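**Student:** This is the content of run.cif (mmCIF, C-alpha atoms):
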data_start
#
loop_
_atom_site.label_atom_id
_atom_site.label_comp_id
_atom_site.auth_asym_id
_atom_site.auth_seq_id
_atom_site.Cartn_x
_atom_site.Cartn_y
_atom_site.Cartn_z
CA MET A 11 52.59 19.08 -2.34
CA LYS A 12 49.45 19.61 -0.26
CA ILE A 13 46.76 17.04 -1.10
CA SER A 14 43.18 16.61 0.08
CA ILE A 15 41.81 13.09 0.25
CA ALA A 16 38.32 11.75 0.86
CA CYS A 17 36.37 8.53 0.59
CA ASP A 18 33.11 6.87 1.41
CA HIS A 19 32.72 3.62 3.32
CA GLY A 20 33.46 1.52 0.22
CA ALA A 21 36.95 2.93 -0.15
CA TYR A 22 38.00 3.54 3.45
CA GLU A 23 40.81 0.96 3.38
CA LEU A 24 42.17 2.29 0.08
CA LYS A 25 42.09 5.86 1.40
CA GLU A 26 44.13 4.87 4.43
CA ARG A 27 46.65 3.07 2.22
CA LEU A 28 47.03 6.00 -0.19
CA LYS A 29 47.19 8.51 2.65
CA ALA A 30 50.05 6.56 4.24
CA ARG A 31 51.86 6.49 0.89
CA LEU A 32 51.44 10.23 0.40
CA LEU A 33 52.73 10.98 3.88
CA SER A 34 55.72 8.66 3.38
CA GLN A 35 56.55 10.60 0.20
CA GLY A 36 56.60 13.88 2.15
CA HIS A 37 53.28 15.29 1.02
CA GLU A 38 51.02 17.19 3.38
CA VAL A 39 47.62 15.49 3.49
CA ILE A 40 44.27 16.88 4.59
CA ASP A 41 41.93 13.96 5.27
CA CYS A 42 38.31 14.97 4.70
CA GLY A 43 36.96 11.59 5.83
CA THR A 44 35.17 9.31 6.15
CA ASN A 45 36.98 7.70 9.03
CA SER A 46 35.44 4.24 9.08
CA ALA A 47 33.77 1.62 6.91
CA ASP A 48 30.33 2.60 8.28
CA SER A 49 27.80 3.53 5.61
CA CYS A 50 27.87 7.22 4.69
CA ASP A 51 27.01 9.66 1.90
CA TYR A 52 29.94 10.13 -0.50
CA PRO A 53 29.07 13.73 -1.58
CA ASP A 54 29.66 15.02 1.94
CA PHE A 55 33.29 13.94 1.84
CA GLY A 56 34.11 14.31 -1.85
CA VAL A 57 32.85 17.87 -2.05
CA ALA A 58 34.88 18.83 1.04
CA ALA A 59 38.08 17.55 -0.60
CA ALA A 60 37.24 19.21 -3.92
CA ARG A 61 36.57 22.57 -2.26
CA LEU A 62 40.03 22.53 -0.70
CA VAL A 63 41.51 22.27 -4.20
CA ALA A 64 39.14 24.80 -5.75
CA ASP A 65 39.93 27.48 -3.17
CA GLY A 66 43.67 26.88 -3.34
CA ARG A 67 44.19 25.39 0.10
CA CYS A 68 45.37 22.16 -1.57
CA ASP A 69 47.32 21.62 -4.78
CA ARG A 70 45.51 18.43 -5.75
CA GLY A 71 42.80 16.15 -4.45
CA VAL A 72 41.99 12.44 -4.37
CA VAL A 73 38.44 11.15 -3.99
CA LEU A 74 37.55 7.49 -3.64
CA CYS A 75 34.44 5.34 -3.54
CA THR A 76 33.61 1.82 -4.70
CA THR A 77 33.57 2.70 -8.41
CA GLY A 78 34.87 6.28 -8.36
CA ILE A 79 31.85 7.38 -10.37
CA GLY A 80 29.83 9.02 -7.61
CA MET A 81 32.83 10.81 -6.18
CA SER A 82 33.91 12.10 -9.59
CA ILE A 83 30.43 13.44 -10.29
CA ALA A 84 30.25 15.15 -6.90
CA ALA A 85 33.74 16.64 -7.14
CA ASN A 86 33.06 18.00 -10.62
CA LYS A 87 30.11 20.00 -9.26
CA VAL A 88 32.59 22.22 -7.40
CA LYS A 89 33.51 25.26 -9.48
CA GLY A 90 37.16 25.18 -10.44
CA VAL A 91 37.55 21.42 -10.14
CA ARG A 92 38.53 19.18 -13.02
CA CYS A 93 38.17 15.69 -11.59
CA ALA A 94 39.15 12.67 -13.67
CA LEU A 95 38.12 9.09 -12.94
CA CYS A 96 41.12 6.88 -13.72
CA HIS A 97 41.42 3.10 -13.67
CA GLU A 98 44.91 2.91 -15.20
CA THR A 99 48.07 4.98 -15.50
CA LEU A 100 47.71 6.24 -19.07
CA SER A 101 44.48 8.07 -18.23
CA ALA A 102 46.13 9.56 -15.14
CA GLU A 103 49.05 10.78 -17.23
CA MET A 104 46.97 12.19 -20.07
CA THR A 105 44.41 13.94 -17.87
CA ARG A 106 47.26 15.84 -16.24
CA ARG A 107 49.07 16.58 -19.52
CA HIS A 108 46.04 17.64 -21.55
CA ASN A 109 43.25 18.53 -19.08
CA ASP A 110 45.21 19.89 -16.10
CA ALA A 111 42.99 17.74 -13.88
CA ASN A 112 43.36 18.77 -10.26
CA VAL A 113 41.38 15.99 -8.58
CA LEU A 114 41.79 12.25 -9.12
CA ALA A 115 38.91 9.83 -8.58
CA MET A 116 39.39 6.08 -8.26
CA GLY A 117 37.20 3.13 -7.37
CA ALA A 118 38.34 0.75 -4.64
CA GLY A 119 36.13 -2.01 -6.02
CA VAL A 120 37.60 -1.56 -9.50
CA THR A 121 41.26 -0.76 -8.88
CA GLY A 122 43.51 -2.78 -6.58
CA GLY A 123 45.83 -1.14 -4.09
CA ASN A 124 49.09 -1.59 -6.01
CA LEU A 125 47.62 -0.18 -9.20
CA ALA A 126 45.94 2.66 -7.29
CA GLU A 127 49.33 3.64 -5.88
CA ARG A 128 50.88 3.72 -9.37
CA ILE A 129 47.95 5.76 -10.74
CA LEU A 130 48.32 8.23 -7.88
CA ASP A 131 52.08 8.53 -8.41
CA VAL A 132 51.60 9.25 -12.13
CA PHE A 133 48.83 11.76 -11.43
CA LEU A 134 51.00 13.67 -8.98
CA SER A 135 54.22 13.59 -11.01
CA THR A 136 52.85 14.53 -14.44
CA GLU A 137 52.91 18.19 -15.42
CA PHE A 138 50.33 20.02 -17.53
CA GLU A 139 51.65 20.67 -21.06
CA GLY A 140 49.85 23.99 -21.56
CA GLY A 141 50.00 25.37 -25.10
CA ARG A 142 47.05 24.31 -27.22
CA HIS A 143 45.72 22.36 -24.24
CA GLN A 144 45.42 25.53 -22.15
CA ARG A 145 43.04 26.99 -24.73
CA ARG A 146 40.86 23.90 -24.44
CA VAL A 147 40.93 23.86 -20.65
CA ASP A 148 39.96 27.55 -20.67
CA LYS A 149 36.96 26.74 -22.88
CA VAL A 150 35.87 24.00 -20.49
CA MET A 151 36.22 26.34 -17.51
CA GLU A 152 34.17 29.02 -19.29
CA ILE A 153 31.23 26.61 -19.25
CA GLU A 154 31.11 27.02 -15.45
CA ALA A 155 30.97 30.79 -15.73
#
As a first step, turn the structure in this file into structure tokens.

**Tutor:**
Amino acid sequence: MKISIACDHGAYELKERLKARLLSQGHEVIDCGTNSADSCDYPDFGVAAARLVADGRCDRGVVLCTTGIGMSIAANKVKGVRCALCHETLSAEMTRRHNDANVLAMGAGVTGGNLAERILDVFLSTEFEGGRHQRRVDKVMEIEA
């Protein structure tokens, strides 16, 4: 799977950890930055990762900041993105099954590294159920139009 990943300064270490995990699992990763713990503006990086998913260059995206809130808001401004902020595995599973979320947001100050890895694994391995959920996702996507 091809995955975009981005973070701000507050989640740089977590991004590097998750990127290494993705690569070790055989995924192709496009790192949209940031590339240090120096203060930066999260929308610059989160939107870049979200656009790669929206235009089809990546299958899924991962955006990270201290809480995940700012990144999820920024990513969801990109047409075609359904970004879900997840702090545990059940939300990651259900947002894939029912919402067909294509971008995962997490907060490095909220979610530890081991749990973040499990959330990511669940997000990437869970399939969208379709059916009645497709109708609902379509209605949500019509709001953008």

**Student:** Restricting the calculation to only C-alpha atoms: of A:Asn45, A:Ser135, A:Thr77, A:Ser14, which residue gets closest to A:Val57?

**Tutor:**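 Checking each candidate against A:Val57, we get A:Ser14 as the closest.
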
**Student:** Which residues, written as a ChimeraX atom specification, have at least one atom at most 12 Å from stretch 84-90 of chain A, with only C-alpha atoms counted and residues fewer than 5 positions away on the same chain left out?

**Tutor:** /A:14-17,51-66,70-75,78-79,95,110-115,147-148,150-155

**Student:** Counting all atoms listed in the file, which of A:Asn109, A:Gly122, A:Thr44, A:Arg27 gets nearest to A:Lys149?

**Tutor:**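 That would be A:Asn109, the residue with the smallest distance to A:Lys149.
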
**Student:** In Å, with one decimal, what is the gap from atom CA of A:Leu28 to atom CA of A:Glu139?

**Tutor:**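 Atom-to-atom, atom CA of A:Leu28 to atom CA of A:Glu139, that is 25.9 Å.
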
**Student:** When the PyMOL selection byres ((chain A and resi 37) around 12) is applied to the file above, which residues end up in the set, as a list in words?

**Tutor:**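 Output of the PyMOL selection byres ((chain A and resi 37) around 12): Met11, Lys12, Ile13, Ser14, Ile15, Leu28, Lys29, Ala30, Arg31, Leu32, Leu33, Ser34, Gln35, Gly36, Glu38, Val39, Ile40, Cys68, Asp69, Arg70, Gly71, Asp131 and Leu134 of chain A.
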
**Student:** Please indicate the distance in Å from atom CA of A:Ala102 to atom CA of A:Phe133, rounded to one decimal place.

**Tutor:**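 Computing the Euclidean distance for atom CA of A:Ala102 and atom CA of A:Phe133 yields 5.1 Å.
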
**Student:** Have a look at atom CA of A:Asp18 and atom CA of A:Ala126 and let me know their distance in Å, one decimal.

**Tutor:**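 Between atom CA of A:Asp18 and atom CA of A:Ala126 the gap works out to 16.1 Å.
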
**Student:** Pick from A:Glu137, A:Glu98, A:Glu127, A:Asp48: nearest to A:His19, with all atoms listed in the file counted?

**Tutor:**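 Smallest separation from A:His19 among the options: A:Asp48.
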
**Student:** Since the input lacks some atoms of stretch 134-145 of chain A, please model all heavy atoms and print them as a PDB file, keeping the file's coordinate frame.

**Tutor:**
ATOM      1  N   LEU A 134      50.308  12.615  -9.709  1.00  0.00           N
ATOM      2  CA  LEU A 134      51.000  13.670  -8.980  1.00  0.00           C
ATOM      3  C   LEU A 134      52.298  14.116  -9.648  1.00  0.00           C
ATOM      4  O   LEU A 134      52.730  15.252  -9.467  1.00  0.00           O
ATOM      5  CB  LEU A 134      51.291  13.202  -7.549  1.00  0.00           C
ATOM      6  CG  LEU A 134      50.067  12.969  -6.678  1.00  0.00           C
ATOM      7  CD1 LEU A 134      50.495  12.467  -5.310  1.00  0.00           C
ATOM      8  CD2 LEU A 134      49.209  14.219  -6.560  1.00  0.00           C
ATOM      9  N   SER A 135      52.922  13.254 -10.435  1.00  0.00           N
ATOM     10  CA  SER A 135      54.220  13.590 -11.010  1.00  0.00           C
ATOM     11  C   SER A 135      54.138  14.147 -12.435  1.00  0.00           C
ATOM     12  O   SER A 135      55.132  14.660 -12.948  1.00  0.00           O
ATOM     13  CB  SER A 135      55.133  12.363 -11.010  1.00  0.00           C
ATOM     14  OG  SER A 135      54.616  11.356 -11.853  1.00  0.00           O
ATOM     15  N   THR A 136      52.977  14.079 -13.061  1.00  0.00           N
ATOM     16  CA  THR A 136      52.850  14.530 -14.440  1.00  0.00           C
ATOM     17  C   THR A 136      52.454  16.005 -14.477  1.00  0.00           C
ATOM     18  O   THR A 136      51.511  16.421 -13.801  1.00  0.00           O
ATOM     19  CB  THR A 136      51.795  13.690 -15.193  1.00  0.00           C
ATOM     20  OG1 THR A 136      52.189  12.315 -15.131  1.00  0.00           O
ATOM     21  CG2 THR A 136      51.681  14.128 -16.648  1.00  0.00           C
ATOM     22  N   GLU A 137      53.168  16.766 -15.281  1.00  0.00           N
ATOM     23  CA  GLU A 137      52.910  18.190 -15.420  1.00  0.00           C
ATOM     24  C   GLU A 137      51.932  18.458 -16.571  1.00  0.00           C
ATOM     25  O   GLU A 137      51.882  17.712 -17.540  1.00  0.00           O
ATOM     26  CB  GLU A 137      54.209  18.946 -15.690  1.00  0.00           C
ATOM     27  CG  GLU A 137      55.202  18.895 -14.539  1.00  0.00           C
ATOM     28  CD  GLU A 137      54.695  19.571 -13.284  1.00  0.00           C
ATOM     29  OE1 GLU A 137      53.993  20.608 -13.401  1.00  0.00           O
ATOM     30  OE2 GLU A 137      54.997  19.080 -12.185  1.00  0.00           O
ATOM     31  N   PHE A 138      51.214  19.547 -16.470  1.00  0.00           N
ATOM     32  CA  PHE A 138      50.330  20.020 -17.530  1.00  0.00           C
ATOM     33  C   PHE A 138      51.186  20.580 -18.661  1.00  0.00           C
ATOM     34  O   PHE A 138      52.125  21.341 -18.426  1.00  0.00           O
ATOM     35  CB  PHE A 138      49.393  21.093 -16.971  1.00  0.00           C
ATOM     36  CG  PHE A 138      48.470  21.724 -17.967  1.00  0.00           C
ATOM     37  CD1 PHE A 138      47.663  20.958 -18.788  1.00  0.00           C
ATOM     38  CD2 PHE A 138      48.394  23.104 -18.071  1.00  0.00           C
ATOM     39  CE1 PHE A 138      46.799  21.546 -19.706  1.00  0.00           C
ATOM     40  CE2 PHE A 138      47.530  23.705 -18.972  1.00  0.00           C
ATOM     41  CZ  PHE A 138      46.731  22.915 -19.792  1.00  0.00           C
ATOM     42  N   GLU A 139      50.870  20.228 -19.908  1.00  0.00           N
ATOM     43  CA  GLU A 139      51.650  20.670 -21.060  1.00  0.00           C
ATOM     44  C   GLU A 139      51.365  22.111 -21.469  1.00  0.00           C
ATOM     45  O   GLU A 139      52.200  22.751 -22.102  1.00  0.00           O
ATOM     46  CB  GLU A 139      51.390  19.760 -22.268  1.00  0.00           C
ATOM     47  CG  GLU A 139      51.993  18.393 -22.131  1.00  0.00           C
ATOM     48  CD  GLU A 139      51.720  17.506 -23.327  1.00  0.00           C
ATOM     49  OE1 GLU A 139      51.121  17.957 -24.326  1.00  0.00           O
ATOM     50  OE2 GLU A 139      52.118  16.333 -23.266  1.00  0.00           O
ATOM     51  N   GLY A 140      50.184  22.631 -21.140  1.00  0.00           N
ATOM     52  CA  GLY A 140      49.850  23.990 -21.560  1.00  0.00           C
ATOM     53  C   GLY A 140      49.680  24.074 -23.062  1.00  0.00           C
ATOM     54  O   GLY A 140      49.175  23.154 -23.695  1.00  0.00           O
ATOM     55  N   GLY A 141      50.106  25.194 -23.655  1.00  0.00           N
ATOM     56  CA  GLY A 141      50.000  25.370 -25.100  1.00  0.00           C
ATOM     57  C   GLY A 141      48.579  25.255 -25.588  1.00  0.00           C
ATOM     58  O   GLY A 141      47.661  25.856 -25.020  1.00  0.00           O
ATOM     59  N   ARG A 142      48.381  24.468 -26.635  1.00  0.00           N
ATOM     60  CA  ARG A 142      47.050  24.310 -27.220  1.00  0.00           C
ATOM     61  C   ARG A 142      46.062  23.713 -26.212  1.00  0.00           C
ATOM     62  O   ARG A 142      44.868  23.952 -26.289  1.00  0.00           O
ATOM     63  CB  ARG A 142      47.105  23.471 -28.491  1.00  0.00           C
ATOM     64  CG  ARG A 142      47.422  22.010 -28.270  1.00  0.00           C
ATOM     65  CD  ARG A 142      47.561  21.262 -29.606  1.00  0.00           C
ATOM     66  NE  ARG A 142      47.661  19.835 -29.431  1.00  0.00           N
ATOM     67  CZ  ARG A 142      48.775  19.170 -29.165  1.00  0.00           C
ATOM     68  NH1 ARG A 142      49.915  19.830 -29.014  1.00  0.00           N
ATOM     69  NH2 ARG A 142      48.772  17.861 -29.044  1.00  0.00           N
ATOM     70  N   HIS A 143      46.589  22.973 -25.249  1.00  0.00           N
ATOM     71  CA  HIS A 143      45.720  22.360 -24.240  1.00  0.00           C
ATOM     72  C   HIS A 143      45.154  23.412 -23.286  1.00  0.00           C
ATOM     73  O   HIS A 143      44.038  23.265 -22.793  1.00  0.00           O
ATOM     74  CB  HIS A 143      46.474  21.271 -23.488  1.00  0.00           C
ATOM     75  CG  HIS A 143      47.020  20.214 -24.386  1.00  0.00           C
ATOM     76  ND1 HIS A 143      46.217  19.361 -25.107  1.00  0.00           N
ATOM     77  CD2 HIS A 143      48.297  19.907 -24.710  1.00  0.00           C
ATOM     78  CE1 HIS A 143      46.964  18.556 -25.827  1.00  0.00           C
ATOM     79  NE2 HIS A 143      48.233  18.873 -25.609  1.00  0.00           N
ATOM     80  N   GLN A 144      45.914  24.462 -23.022  1.00  0.00           N
ATOM     81  CA  GLN A 144      45.420  25.530 -22.150  1.00  0.00           C
ATOM     82  C   GLN A 144      44.179  26.177 -22.756  1.00  0.00           C
ATOM     83  O   GLN A 144      43.218  26.468 -22.050  1.00  0.00           O
ATOM     84  CB  GLN A 144      46.502  26.592 -21.910  1.00  0.00           C
ATOM     85  CG  GLN A 144      46.054  27.680 -20.948  1.00  0.00           C
ATOM     86  CD  GLN A 144      45.774  27.135 -19.570  1.00  0.00           C
ATOM     87  OE1 GLN A 144      46.655  26.572 -18.935  1.00  0.00           O
ATOM     88  NE2 GLN A 144      44.539  27.287 -19.088  1.00  0.00           N
ATOM     89  N   ARG A 145      44.207  26.409 -24.051  1.00  0.00           N
ATOM     90  CA  ARG A 145      43.040  26.990 -24.730  1.00  0.00           C
ATOM     91  C   ARG A 145      41.804  26.110 -24.520  1.00  0.00           C
ATOM     92  O   ARG A 145      40.720  26.612 -24.252  1.00  0.00           O
ATOM     93  CB  ARG A 145      43.364  27.147 -26.230  1.00  0.00           C
ATOM     94  CG  ARG A 145      42.253  27.785 -27.041  1.00  0.00           C
ATOM     95  CD  ARG A 145      42.619  27.944 -28.530  1.00  0.00           C
ATOM     96  NE  ARG A 145      42.663  26.647 -29.211  1.00  0.00           N
ATOM     97  CZ  ARG A 145      43.754  26.064 -29.712  1.00  0.00           C
ATOM     98  NH1 ARG A 145      44.936  26.654 -29.611  1.00  0.00           N
ATOM     99  NH2 ARG A 145      43.683  24.902 -30.310  1.00  0.00           N
TER     100      ARG A 145
END
